[in-house]
$ cat start_8.txt   # compact mmCIF, C-alpha atoms and all ligand atoms
# COMPACT_ATOMS: atom_id res chain seq x y z
CA MET A 23 51.71 72.17 131.32
CA LEU A 24 53.88 73.91 133.89
CA LEU A 25 56.93 71.73 133.36
CA ARG A 26 56.91 72.45 129.63
CA GLU A 27 56.68 76.21 130.06
CA LEU A 28 59.92 76.66 131.99
CA ASP A 29 62.25 79.09 130.23
CA THR A 30 65.23 77.86 132.22
CA GLY A 31 64.52 74.16 131.70
CA VAL A 32 65.69 73.49 135.27
CA VAL A 33 63.81 71.62 138.00
CA GLY A 34 65.02 71.40 141.61
CA ALA A 35 64.74 67.76 142.67
CA PRO A 36 62.77 66.79 145.75
CA MET A 37 65.33 65.56 148.30
CA ALA A 38 63.75 63.84 151.29
CA GLY A 39 65.47 63.45 154.61
CA GLY A 40 66.44 67.09 155.13
CA PRO A 41 68.14 68.66 152.07
CA THR A 42 64.93 70.06 150.56
CA THR A 43 63.55 72.98 152.54
CA PRO A 44 60.67 75.34 151.71
CA GLU A 45 63.31 78.05 151.32
CA LEU A 46 65.12 75.99 148.66
CA VAL A 47 61.89 75.32 146.74
CA ALA A 48 61.00 79.04 146.83
CA ALA A 49 64.51 80.07 145.76
CA VAL A 50 64.54 77.66 142.79
CA GLY A 51 61.11 78.91 141.71
CA ASP A 52 61.99 82.58 142.10
CA ALA A 53 65.09 81.98 139.95
CA GLY A 54 62.89 80.72 137.10
CA GLY A 55 63.29 77.04 137.87
CA PHE A 56 60.63 74.73 139.28
CA GLY A 57 61.04 73.46 142.83
CA PHE A 58 59.68 70.28 144.40
CA LEU A 59 59.05 69.77 148.10
CA ALA A 60 60.04 66.29 149.27
CA GLY A 61 57.00 64.75 150.94
CA GLY A 62 58.75 61.44 151.66
CA TYR A 63 59.35 60.57 155.35
CA LEU A 64 57.34 63.63 156.51
CA THR A 65 54.07 63.29 158.37
CA ALA A 66 51.05 64.90 156.70
CA PRO A 67 51.08 67.82 159.22
CA GLY A 68 54.82 68.28 158.58
CA LEU A 69 54.19 68.43 154.85
CA ALA A 70 51.26 70.83 155.39
CA SER A 71 53.50 73.35 157.14
CA ALA A 72 56.18 73.02 154.45
CA ILE A 73 53.55 73.72 151.75
CA ALA A 74 52.30 76.76 153.69
CA GLU A 75 55.85 78.07 153.96
CA VAL A 76 56.41 77.82 150.21
CA TRP A 77 53.09 79.57 149.45
CA ASP A 78 54.17 82.35 151.86
CA ALA A 79 57.70 82.70 150.53
CA SER A 80 57.05 82.70 146.78
CA SER A 81 54.30 83.37 144.28
CA ARG A 82 55.76 80.81 141.88
CA PRO A 83 54.12 77.42 141.29
CA PHE A 84 55.87 74.39 142.80
CA GLY A 85 55.44 70.66 143.21
CA VAL A 86 55.26 68.05 145.95
CA ASN A 87 56.87 64.63 145.62
CA LEU A 88 55.34 61.59 147.31
CA PHE A 89 56.65 58.06 147.85
CA VAL A 90 54.13 55.47 146.65
CA PRO A 91 54.02 52.75 149.32
CA ALA A 92 54.08 49.10 148.22
CA GLN A 93 50.45 48.73 149.39
CA ALA A 94 49.32 51.43 146.90
CA ASN A 95 51.63 50.58 143.99
CA ALA A 96 49.45 49.82 140.95
CA TYR A 97 52.50 48.72 138.91
CA ALA A 98 52.68 45.00 138.27
CA VAL A 99 55.73 44.06 140.32
CA GLY A 100 57.77 41.20 138.87
CA PRO A 101 58.85 38.03 140.67
CA GLY A 102 61.93 37.80 142.86
CA GLY A 103 60.96 39.72 145.97
CA LEU A 104 61.32 38.40 149.48
CA THR A 105 57.99 37.86 151.20
CA GLY A 106 56.52 36.72 154.51
CA ASP A 107 58.74 34.91 156.99
CA ASP A 108 61.74 34.83 154.62
CA ARG A 109 61.64 38.58 154.40
CA ALA A 110 61.31 39.08 158.16
CA ALA A 111 64.20 36.66 158.77
CA ALA A 112 66.46 38.42 156.26
CA VAL A 113 65.67 41.79 157.84
CA ALA A 114 66.36 40.42 161.34
CA ALA A 115 69.70 38.98 160.17
CA TYR A 116 70.70 42.32 158.65
CA ARG A 117 69.72 44.05 161.91
CA GLU A 118 72.23 41.83 163.74
CA ARG A 119 74.95 42.79 161.29
CA LEU A 120 74.32 46.48 161.97
CA LEU A 121 74.77 46.16 165.74
CA PRO A 122 78.55 46.78 165.88
CA ASP A 123 78.24 49.92 163.72
CA ALA A 124 75.29 51.18 165.76
CA ARG A 125 77.30 50.85 168.97
CA THR A 126 80.10 53.05 167.62
CA VAL A 127 77.64 55.95 167.79
CA GLY A 128 75.82 54.81 170.93
CA ALA A 129 72.70 53.75 169.02
CA GLU A 130 70.67 50.59 168.35
CA PRO A 131 69.32 49.66 164.90
CA GLY A 132 65.65 50.60 164.62
CA GLN A 133 62.63 48.30 164.36
CA ALA A 134 61.59 47.18 160.88
CA ARG A 135 57.98 48.60 160.56
CA PRO A 136 57.07 46.54 157.45
CA GLY A 137 53.57 48.09 157.16
CA ASP A 138 54.74 51.71 157.12
CA ASP A 139 52.91 53.51 154.28
CA ASP A 140 54.60 56.90 154.77
CA ASP A 141 51.24 58.51 155.73
CA TRP A 142 50.17 58.08 152.09
CA GLU A 143 46.39 58.66 152.34
CA ARG A 144 46.64 61.76 154.49
CA LYS A 145 49.31 63.28 152.25
CA LEU A 146 47.18 62.61 149.19
CA ASP A 147 44.18 64.31 150.83
CA LEU A 148 46.45 67.23 151.66
CA VAL A 149 47.83 67.82 148.15
CA VAL A 150 44.31 67.58 146.72
CA ARG A 151 42.94 70.02 149.32
CA GLU A 152 45.85 72.44 148.85
CA LYS A 153 45.58 72.26 145.06
CA VAL A 154 49.35 71.84 144.79
CA PRO A 155 50.14 72.68 141.14
CA VAL A 156 52.23 69.55 140.40
CA VAL A 157 52.56 66.25 142.27
CA SER A 158 55.30 63.79 141.36
CA PHE A 159 55.49 60.19 142.51
CA THR A 160 58.40 57.89 143.08
CA PHE A 161 58.74 54.18 144.02
CA GLY A 162 55.55 53.19 142.22
CA LEU A 163 52.43 54.21 140.30
CA PRO A 164 49.29 55.41 142.02
CA ASP A 165 46.06 53.94 140.70
CA ALA A 166 43.71 55.63 138.24
CA ALA A 167 41.37 56.85 141.00
CA VAL A 168 44.17 58.81 142.68
CA LEU A 169 45.36 60.29 139.39
CA GLY A 170 41.74 61.22 138.50
CA GLU A 171 41.20 62.98 141.82
CA LEU A 172 44.36 65.02 141.36
CA ARG A 173 43.37 65.94 137.84
CA ARG A 174 39.96 67.16 139.06
CA SER A 175 41.69 69.41 141.60
CA GLY A 176 43.74 70.96 138.78
CA THR A 177 47.01 69.22 139.70
CA GLU A 178 49.43 67.95 137.06
CA THR A 179 50.90 64.52 137.84
CA VAL A 180 54.40 63.21 137.16
CA ALA A 181 55.66 59.64 137.54
CA THR A 182 59.33 58.92 138.17
CA VAL A 183 60.46 56.05 135.93
CA THR A 184 63.81 54.50 135.06
CA ASP A 185 63.28 52.71 131.73
CA LEU A 186 61.03 52.57 128.67
CA ASP A 187 58.76 49.82 130.05
CA GLU A 188 58.10 51.81 133.19
CA ALA A 189 57.48 54.96 131.12
CA ARG A 190 54.87 53.11 129.07
CA ALA A 191 53.17 51.76 132.20
CA ALA A 192 53.04 55.26 133.69
CA LEU A 193 51.49 56.74 130.56
CA GLU A 194 48.95 53.95 130.44
CA ALA A 195 48.05 54.69 134.06
CA GLY A 196 47.29 58.27 132.99
CA VAL A 197 50.05 60.51 134.35
CA ASP A 198 50.51 63.91 132.68
CA ALA A 199 54.33 63.93 132.58
CA LEU A 200 57.38 61.77 133.21
CA CYS A 201 60.49 62.20 135.30
CA LEU A 202 63.10 59.96 133.67
CA GLN A 203 65.80 59.01 136.11
CA GLY A 204 69.13 57.81 134.79
CA HIS A 205 71.71 55.70 136.59
CA ASP A 206 74.09 58.58 137.43
CA GLY A 207 71.61 60.22 139.79
CA GLY A 208 72.04 60.71 143.51
CA GLY A 209 69.65 59.19 146.03
CA HIS A 210 67.14 56.43 145.43
CA ARG A 211 66.39 54.95 142.05
CA GLY A 212 62.70 55.42 141.45
CA THR A 213 62.13 51.97 139.94
CA LEU A 214 58.44 51.10 139.98
CA ASP A 215 59.40 47.53 140.82
CA PRO A 216 61.34 47.62 144.10
CA VAL A 217 63.26 44.43 143.37
CA LYS A 218 64.49 44.62 139.80
CA GLU A 219 68.01 45.82 139.00
CA PRO A 220 67.75 49.40 137.71
CA SER A 221 68.68 50.05 134.08
CA ASN A 222 72.23 51.19 133.32
CA LEU A 223 71.21 53.10 130.22
CA ASP A 224 72.80 56.52 129.81
CA LEU A 225 70.34 59.36 130.52
CA VAL A 226 70.56 60.73 126.96
CA GLU A 227 69.72 57.31 125.48
CA LEU A 228 66.85 56.94 127.94
CA VAL A 229 65.43 60.34 126.96
CA VAL A 230 65.77 59.57 123.24
CA SER A 231 63.99 56.23 123.57
CA VAL A 232 61.09 57.59 125.62
CA ARG A 233 60.76 60.77 123.53
CA ALA A 234 60.32 58.58 120.43
CA ASP A 235 57.34 57.02 122.21
CA THR A 236 55.46 60.02 123.62
CA ASP A 237 54.81 63.77 123.44
CA VAL A 238 54.18 64.35 127.15
CA PRO A 239 56.52 66.66 129.09
CA ILE A 240 59.74 64.90 130.08
CA VAL A 241 61.93 65.95 132.98
CA ALA A 242 65.27 64.13 133.00
CA ALA A 243 67.34 63.53 136.12
CA GLY A 244 70.67 62.02 137.02
CA GLY A 245 74.21 63.31 137.13
CA VAL A 246 73.45 66.66 135.49
CA ALA A 247 76.05 69.03 136.89
CA THR A 248 77.10 71.29 134.00
CA ARG A 249 75.29 73.38 131.38
CA GLU A 250 76.88 71.27 128.63
CA ARG A 251 75.31 68.12 130.02
CA ALA A 252 72.00 69.90 130.72
CA ASP A 253 71.90 71.13 127.11
CA GLU A 254 72.74 67.67 125.79
CA VAL A 255 69.90 66.10 127.79
CA ARG A 256 67.42 68.82 126.74
CA ARG A 257 68.49 68.50 123.09
CA ALA A 258 67.79 64.77 123.32
CA GLY A 259 64.15 65.64 123.99
CA ALA A 260 63.79 66.54 127.67
CA ASP A 261 61.79 69.67 128.47
CA ALA A 262 63.83 70.19 131.61
CA VAL A 263 66.59 68.64 133.68
CA GLN A 264 65.98 67.81 137.34
CA VAL A 265 68.98 68.37 139.59
CA GLY A 266 69.52 67.26 143.15
CA THR A 267 73.19 66.93 144.01
CA ALA A 268 74.02 70.31 142.43
CA LEU A 269 71.76 71.95 145.06
CA LEU A 270 73.03 70.09 148.13
CA LEU A 271 75.62 72.70 149.15
CA THR A 272 73.45 75.76 148.53
CA PRO A 273 72.75 77.83 151.65
CA GLU A 274 68.99 77.30 151.19
CA ALA A 275 69.34 73.49 151.40
CA GLY A 276 68.92 71.73 154.74
CA THR A 277 71.93 69.45 154.13
CA GLY A 278 73.56 68.75 157.52
CA LEU A 279 77.06 69.82 158.42
CA ALA A 280 78.77 66.40 158.28
CA TYR A 281 77.11 65.72 154.89
CA ARG A 282 78.25 69.10 153.53
CA ARG A 283 81.81 68.46 154.71
CA ALA A 284 81.83 64.99 153.15
CA LEU A 285 80.76 66.40 149.77
CA GLY A 286 83.85 68.59 149.78
CA ASP A 287 86.19 65.94 151.18
CA ALA A 288 88.80 64.73 148.70
CA ALA A 289 89.07 61.44 150.62
CA TYR A 290 85.90 60.16 148.91
CA SER A 291 86.88 58.74 145.56
CA GLY A 292 83.53 57.87 144.03
CA THR A 293 79.86 57.02 144.35
CA ALA A 294 78.16 53.62 144.35
CA VAL A 295 74.65 52.21 144.11
CA THR A 296 73.67 50.17 147.15
CA ARG A 297 70.77 48.76 149.14
CA ALA A 298 72.74 48.96 152.37
CA TYR A 299 70.90 51.97 153.82
CA SER A 300 67.27 51.39 152.91
CA GLY A 301 66.77 48.09 151.11
CA ARG A 302 66.17 49.98 147.83
CA TRP A 303 68.86 50.85 145.31
CA ALA A 304 70.33 54.32 145.84
CA ARG A 305 73.52 56.15 144.86
CA GLY A 306 75.76 57.82 147.40
CA LEU A 307 79.38 58.54 148.23
CA GLU A 308 81.25 55.31 148.73
CA THR A 309 81.74 55.08 152.48
CA ASP A 310 83.35 52.31 154.47
CA PHE A 311 79.87 51.37 155.80
CA LEU A 312 78.58 51.09 152.23
CA ARG A 313 81.48 48.86 151.17
CA ARG A 314 81.11 46.56 154.17
CA HIS A 315 77.33 46.13 154.02
CA ASP A 316 76.66 46.45 150.30
CA GLY A 317 76.10 42.80 149.51
CA GLU A 318 74.32 42.06 152.78
CA ALA A 319 71.16 44.14 152.82
CA PRO A 320 67.97 42.38 151.68
CA ALA A 321 65.67 43.99 149.11
CA ALA A 322 63.27 45.03 151.84
CA TYR A 323 62.17 48.66 151.77
CA PRO A 324 61.05 50.32 154.05
CA GLU A 325 62.19 47.85 156.72
CA VAL A 326 65.93 48.35 156.09
CA HIS A 327 65.40 52.12 156.03
CA HIS A 328 63.92 51.93 159.52
CA LEU A 329 66.80 49.75 160.76
CA THR A 330 69.42 52.32 159.72
CA VAL A 331 67.61 55.55 160.69
CA PRO A 332 68.92 55.61 164.30
CA LEU A 333 72.50 55.00 163.07
CA ARG A 334 72.24 57.84 160.60
CA ARG A 335 70.65 60.22 163.11
CA ALA A 336 73.28 59.48 165.77
CA SER A 337 76.03 59.95 163.19
CA ALA A 338 74.57 63.33 162.16
CA ARG A 339 74.24 64.43 165.81
CA ALA A 340 77.89 63.53 166.38
CA GLU A 341 78.77 65.44 163.17
CA ARG A 342 80.43 62.27 161.88
CA PRO A 343 79.86 61.20 158.29
CA ASP A 344 80.72 57.48 158.83
CA LEU A 345 77.19 56.13 159.14
CA LEU A 346 75.38 58.77 157.08
CA ALA A 347 73.80 57.93 153.76
CA LEU A 348 75.72 60.51 151.75
CA TRP A 349 73.42 60.49 148.72
CA ALA A 350 75.18 62.00 145.72
CA GLY A 351 75.13 61.68 141.95
CA THR A 352 78.23 61.07 139.84
CA GLY A 353 78.60 64.83 139.28
CA TRP A 354 79.03 65.55 142.99
CA ARG A 355 82.44 67.16 142.61
CA ALA A 356 80.86 70.04 140.69
CA ALA A 357 78.51 70.95 143.58
CA ARG A 358 79.26 74.41 145.01
CA ALA A 359 78.21 76.38 148.07
CA VAL A 360 76.50 79.10 146.02
CA PRO A 361 72.90 80.36 146.15
CA ALA A 362 70.31 78.13 144.52
CA ALA A 363 69.58 80.94 142.03
CA THR A 364 73.18 80.69 140.81
CA VAL A 365 72.84 76.92 140.27
CA VAL A 366 69.63 77.47 138.28
CA ALA A 367 71.32 80.20 136.19
CA GLN A 368 74.38 78.04 135.54
CA LEU A 369 72.28 75.13 134.26
CA ALA A 370 69.62 77.17 132.44
CA ARG A 371 68.95 76.90 128.77
CA ARG A 372 70.35 79.92 126.90
C1 LIG B 1 69.78 63.68 148.95
C2 LIG B 1 68.83 63.25 147.88
C3 LIG B 1 67.52 62.94 148.22
C4 LIG B 1 66.60 62.57 147.23
N1 LIG B 1 65.30 62.36 147.57
C5 LIG B 1 64.38 62.14 146.60
C6 LIG B 1 62.99 62.11 146.92
O1 LIG B 1 62.58 62.29 148.06
N2 LIG B 1 62.13 61.87 145.90
C7 LIG B 1 62.55 61.70 144.60
O2 LIG B 1 61.71 61.52 143.72
N3 LIG B 1 63.85 61.75 144.28
C8 LIG B 1 64.77 61.97 145.25
N4 LIG B 1 66.09 62.07 144.91
C9 LIG B 1 66.49 61.86 143.50
C10 LIG B 1 66.28 63.15 142.70
O3 LIG B 1 64.91 63.33 142.41
C11 LIG B 1 66.99 63.10 141.33
O4 LIG B 1 66.58 62.00 140.60
C12 LIG B 1 68.50 63.07 141.48
O5 LIG B 1 68.94 63.94 142.49
C13 LIG B 1 69.13 63.46 140.17
O6 LIG B 1 70.49 63.18 140.15
P1 LIG B 1 71.61 64.20 140.69
O7 LIG B 1 71.55 64.10 142.17
O8 LIG B 1 72.84 63.66 140.10
O9 LIG B 1 71.24 65.57 140.21
C14 LIG B 1 67.03 62.45 145.88
C15 LIG B 1 68.35 62.75 145.56
C16 LIG B 1 69.25 63.15 146.52
C17 LIG B 1 70.66 63.50 146.12

$ encode --input "start_8.txt" --output "C-alpha cells"
Amino acid sequence: MLLRELDTGVVGAPMAGGPTTPELVAAVGDAGGFGFLAGGYLTAPGLASAIAEVWDASSRPFGVNLFVPAQANAYAVGPGGLTGDDRAAAVAAYRERLLPDARTVGAEPGQARPGDDDDWERKLDLVVREKVPVVSFTFGLPDAAVLGELRRSGTETVATVTDLDEARAALEAGVDALCLQGHDGGGHRGTLDPVKEPSNLDLVELVVSVRADTDVPIVAAGGVATRERADEVRRAGADAVQVGTALLLTPEAGTGLAYRRALGDAAYSGTAVTRAYSGRWARGLETDFLRRHDGEAPAAYPEVHHLTVPLRRASARAERPDLLALWAGTGWRAARAVPAATVVAQLARR
C-alpha cells in the first residue's frame, strides 16, 4: 500500500487545468511525498506524454487522477438533477448571461458538449497499459470491472469522497484506498453525486468518522496549509494529507501568471464555493464574476465548464484574473513561491 508507506505523510494533489506538471509530480515524489498527475481535461495522448515525462524525471512511484464521467459513474445518483430539455434550456440561458463578460475579453462562451466523457475509455486503457502505480478517481465511482482490471495490472485504486455515505459506497465498490475531501479544499468538490450539496463537516471530523468504519489507507484533503493542521488531520486517522493550494506558487507548478498574482493579491478577501465556472461545486477566490454569477449557473457539468472555457482562456492570455477560475482552498494565504520539496518538508510528519 504505497499511500500508507509514506514517511512524510504528504501527497501532492492532482490539479487539472494547468497547475500540475510532470515536473511538480516528480519533485513531490523526490522529496518523499507522493505526486499525482491530473488526467482531467487532457486527451489520452496528452496524458501519455505526461506519464512518460514523470517516469523519465523520477524513479519514485506516482499516481494519475481521472474524472469519472456521468456515463460511467456507478454511484447511485440521487434525485434533483436537471435532465433532457430542461437541462439544455438552463444551460442555454446561462450561456446568454455569460455573453457580456465574454465580450470584455473578446471571446464567446463555448458550446455545451453534454456528451463529453473526458476521453475516459482511452485514459483507462492507458493507465492499465502503463501500469501506473496508483490511480485515483474523482466525480464518481468506476464500476467493479474497471477496478478489477486495474487491480490485475498491479495498480492501487483510490476514490475521492466527501462524506461517510460516499466512503461506504466506494469501499463496497472495491477501491483500495480513500481520498477524503473536506469543505475547505480548493478546486472541485469530488462528490460522487453531482447534484447534492457537499457536506460542511470539518475535515478532522470526517476523518474520524470514516476511520471508525474502515482500515483502508486514508488520504485527507482540504485546507491543509500548516504542519499543525497536517499533524492534526493525520492524528485523527489519516495516513497522509493531500495538498493542492500549498503547491500552486511553487516554481514546478504550471500555475499561470495572472493566477499566481491573484493568489498574492491582498484585494481578495476570501474564497467561496460556487457552480458558476463549471456547473459543479468548487472553491476559489471570490471574484466579481463569481459573486455575480454564483446563483445563476445550473447544476450541469460538464456543459457549464465548456461554456466558460473560452472566457477563462482569453482572460489568461490577457494576463487578467477577472474571468479566471482562481481555485484555492481556505489556507491560500499560506501558499509560498518556494520549491515543492520545501512545501513537502514543511508539512511532513516529524
Ligand atoms: C487548482 C486546483 C485543481 C484541482 N484539480 C483537481 C483534479 O483534477 N482532481 C482532483 O481529484 N482534485 C483536484 N483538486 C482538488 C485537490 O485534489 C484537493 O482536494 C484540494 O486541493 C485540497 O485542498 P487545498 O487546495 O486546500 O489543499 C484541485 C484543486 C485545485 C486547487

$ closest_residue --input "start_8.txt" --among "A:Ala294, A:Ala260, A:Ala338, A:Ala268" --to "ligand LIG 1 (chain B)" --atoms "all atoms listed in the file"
A:Ala268

$ closest_residue --input "start_8.txt" --among "A:Gly276, A:Gly208, A:Pro91, A:Gly301" --to "Thr43 in chain A" --atoms "all atoms listed in the file"
A:Gly276

$ atom_distance --input "start_8.txt" --atom1 "CA of Lys145 in chain A" --atom2 "CA of Val157 in chain A"
10.9 Å

$ atom_distance --input "start_8.txt" --atom1 "CA of Gly51 in chain A" --atom2 "CA of Arg26 in chain A"
14.3 Å

$ closest_residue --input "start_8.txt" --among "A:Glu219, A:Asp206, A:Asp235, A:Glu250" --to "ligand LIG 1 (chain B)" --atoms "all atoms listed in the file"
A:Asp206

$ closest_residue --input "start_8.txt" --among "A:Gly85, A:Gly62, A:Gly170, A:Asp187" --to "Val149 in chain A" --atoms "only C-alpha atoms"
A:Gly85

$ residues_near_point --input "start_8.txt" --point "(48.2, 58.0, 144.9)" --cutoff "7 Å" --atoms "only C-alpha atoms" --output "list in words"
Val90, Ala94, Leu146, Pro164, Asp165, Val168 and Leu169 of chain A

$ write_last_selection --input "start_8.txt" --atoms "C-alpha atoms" --output "tab-separated table (two decimals), in the frame of the given file"
chain	number	residue	atom	x	y	z
A	90	VAL	CA	54.13	55.47	146.65
A	94	ALA	CA	49.32	51.43	146.90
A	146	LEU	CA	47.18	62.61	149.19
A	164	PRO	CA	49.29	55.41	142.02
A	165	ASP	CA	46.06	53.94	140.70
A	168	VAL	CA	44.17	58.81	142.68
A	169	LEU	CA	45.36	60.29	139.39

$ closest_residue --input "start_8.txt" --among "A:Arg256, A:Arg125, A:Arg355, A:His328" --to "ligand LIG 1 (chain B)" --atoms "all atoms listed in the file"
A:Arg355

$ residues_near_ligand --input "start_8.txt" --ligand "ligand LIG 1 (chain B)" --cutoff "7 Å" --atoms "only C-alpha atoms and all ligand atoms" --output "PyMOL selection string"
chain A and resi 35-39+41+60-62+87-89+159-160+182+203+206-210+212+243-247+264-268+349-353

$ write_last_selection --input "start_8.txt" --atoms "C-alpha atoms" --output "PDB file, keeping the file's coordinate frame"
ATOM      1  CA  ALA A  35      64.740  67.760 142.670  1.00  0.00           C
ATOM      2  CA  PRO A  36      62.770  66.790 145.750  1.00  0.00           C
ATOM      3  CA  MET A  37      65.330  65.560 148.300  1.00  0.00           C
ATOM      4  CA  ALA A  38      63.750  63.840 151.290  1.00  0.00           C
ATOM      5  CA  GLY A  39      65.470  63.450 154.610  1.00  0.00           C
ATOM      6  CA  PRO A  41      68.140  68.660 152.070  1.00  0.00           C
ATOM      7  CA  ALA A  60      60.040  66.290 149.270  1.00  0.00           C
ATOM      8  CA  GLY A  61      57.000  64.750 150.940  1.00  0.00           C
ATOM      9  CA  GLY A  62      58.750  61.440 151.660  1.00  0.00           C
ATOM     10  CA  ASN A  87      56.870  64.630 145.620  1.00  0.00           C
ATOM     11  CA  LEU A  88      55.340  61.590 147.310  1.00  0.00           C
ATOM     12  CA  PHE A  89      56.650  58.060 147.850  1.00  0.00           C
ATOM     13  CA  PHE A 159      55.490  60.190 142.510  1.00  0.00           C
ATOM     14  CA  THR A 160      58.400  57.890 143.080  1.00  0.00           C
ATOM     15  CA  THR A 182      59.330  58.920 138.170  1.00  0.00           C
ATOM     16  CA  GLN A 203      65.800  59.010 136.110  1.00  0.00           C
ATOM     17  CA  ASP A 206      74.090  58.580 137.430  1.00  0.00           C
ATOM     18  CA  GLY A 207      71.610  60.220 139.790  1.00  0.00           C
ATOM     19  CA  GLY A 208      72.040  60.710 143.510  1.00  0.00           C
ATOM     20  CA  GLY A 209      69.650  59.190 146.030  1.00  0.00           C
ATOM     21  CA  HIS A 210      67.140  56.430 145.430  1.00  0.00           C
ATOM     22  CA  GLY A 212      62.700  55.420 141.450  1.00  0.00           C
ATOM     23  CA  ALA A 243      67.340  63.530 136.120  1.00  0.00           C
ATOM     24  CA  GLY A 244      70.670  62.020 137.020  1.00  0.00           C
ATOM     25  CA  GLY A 245      74.210  63.310 137.130  1.00  0.00           C
ATOM     26  CA  VAL A 246      73.450  66.660 135.490  1.00  0.00           C
ATOM     27  CA  ALA A 247      76.050  69.030 136.890  1.00  0.00           C
ATOM     28  CA  GLN A 264      65.980  67.810 137.340  1.00  0.00           C
ATOM     29  CA  VAL A 265      68.980  68.370 139.590  1.00  0.00           C
ATOM     30  CA  GLY A 266      69.520  67.260 143.150  1.00  0.00           C
ATOM     31  CA  THR A 267      73.190  66.930 144.010  1.00  0.00           C
ATOM     32  CA  ALA A 268      74.020  70.310 142.430  1.00  0.00           C
ATOM     33  CA  TRP A 349      73.420  60.490 148.720  1.00  0.00           C
ATOM     34  CA  ALA A 350      75.180  62.000 145.720  1.00  0.00           C
ATOM     35  CA  GLY A 351      75.130  61.680 141.950  1.00  0.00           C
ATOM     36  CA  THR A 352      78.230  61.070 139.840  1.00  0.00           C
ATOM     37  CA  GLY A 353      78.600  64.830 139.280  1.00  0.00           C
TER      38      GLY A 353
END

$ atom_distance --input "start_8.txt" --atom1 "CA of Ala275 in chain A" --atom2 "CA of Asp141 in chain A"
23.9 Å

$ residues_around --input "start_8.txt" --residues "Ser221 in chain A" --least-positions-apart "5" --cutoff "10 Å" --atoms "all atoms listed in the file" --output "PyMOL selection string"
chain A and resi 184-186+203-205+211+213+228

$ closest_residue --input "start_8.txt" --among "A:Gly102, A:Ala280, A:Ser291, A:Leu225" --to "Gly259 in chain A" --atoms "only C-alpha atoms"
A:Leu225

$ residues_around --input "start_8.txt" --residues "Leu312 in chain A" --least-positions-apart "6" --cutoff "9 Å" --atoms "only C-alpha atoms" --output "ChimeraX atom specification"
/A:294,296-299,306,345,347

$ write_last_selection --input "start_8.txt" --atoms "C-alpha atoms" --output "short mmCIF file (atom, residue, chain, number, x, y, z; two decimals), keeping the file's coordinate frame"
data_model
loop_
_atom_site.label_atom_id
_atom_site.label_comp_id
_atom_site.auth_asym_id
_atom_site.auth_seq_id
_atom_site.Cartn_x
_atom_site.Cartn_y
_atom_site.Cartn_z
CA ALA A 294 78.16 53.62 144.35
CA THR A 296 73.67 50.17 147.15
CA ARG A 297 70.77 48.76 149.14
CA ALA A 298 72.74 48.96 152.37
CA TYR A 299 70.90 51.97 153.82
CA GLY A 306 75.76 57.82 147.40
CA LEU A 345 77.19 56.13 159.14
CA ALA A 347 73.80 57.93 153.76
#

$ residues_around --input "start_8.txt" --residues "range 176-178 of chain A" --least-positions-apart "3" --cutoff "7 Å" --atoms "all atoms listed in the file" --output "NGL selection string"
:A and (153-157 or 172-173 or 198)

$ residues_around --input "start_8.txt" --residues "Glu118 in chain A" --least-positions-apart "5" --cutoff "12 Å" --atoms "all atoms listed in the file" --output "VMD selection string"
chain A and resid 111 to 113 123 to 125 130 to 133 315 318 to 319 326 329 to 330

$ residues_near_point --input "start_8.txt" --point "(65.1, 41.7, 141.4)" --cutoff "9 Å" --atoms "only C-alpha atoms" --output "PDB file with C-alpha atoms, in the coordinates of the input"
ATOM      1  CA  GLY A 100      57.770  41.200 138.870  1.00  0.00           C
ATOM      2  CA  PRO A 101      58.850  38.030 140.670  1.00  0.00           C
ATOM      3  CA  GLY A 102      61.930  37.800 142.860  1.00  0.00           C
ATOM      4  CA  GLY A 103      60.960  39.720 145.970  1.00  0.00           C
ATOM      5  CA  ASP A 215      59.400  47.530 140.820  1.00  0.00           C
ATOM      6  CA  PRO A 216      61.340  47.620 144.100  1.00  0.00           C
ATOM      7  CA  VAL A 217      63.260  44.430 143.370  1.00  0.00           C
ATOM      8  CA  LYS A 218      64.490  44.620 139.800  1.00  0.00           C
ATOM      9  CA  GLU A 219      68.010  45.820 139.000  1.00  0.00           C
ATOM     10  CA  PRO A 220      67.750  49.400 137.710  1.00  0.00           C
ATOM     11  CA  ALA A 321      65.670  43.990 149.110  1.00  0.00           C
TER      12      ALA A 321
END

$ residues_around --input "start_8.txt" --residues "Pro324 in chain A" --least-positions-apart "4" --cutoff "8 Å" --atoms "all atoms listed in the file" --output "NGL selection string"
:A and (134-136 or 138 or 300-301 or 328)

$ write_last_selection --input "start_8.txt" --atoms "C-alpha atoms" --output "PDB file, in the coordinates of the input"
ATOM      1  CA  ALA A 134      61.590  47.180 160.880  1.00  0.00           C
ATOM      2  CA  ARG A 135      57.980  48.600 160.560  1.00  0.00           C
ATOM      3  CA  PRO A 136      57.070  46.540 157.450  1.00  0.00           C
ATOM      4  CA  ASP A 138      54.740  51.710 157.120  1.00  0.00           C
ATOM      5  CA  SER A 300      67.270  51.390 152.910  1.00  0.00           C
ATOM      6  CA  GLY A 301      66.770  48.090 151.110  1.00  0.00           C
ATOM      7  CA  HIS A 328      63.920  51.930 159.520  1.00  0.00           C
TER       8      HIS A 328
END

$ axis_aligned_box --input "start_8.txt" --around "range 125-138 of chain A" --padding-each-side "8 Å" --output "AutoDock Vina command-line options"
--center_x 66.8 --center_y 51.2 --center_z 164.0 --size_x 42.5 --size_y 25.4 --size_z 29.8
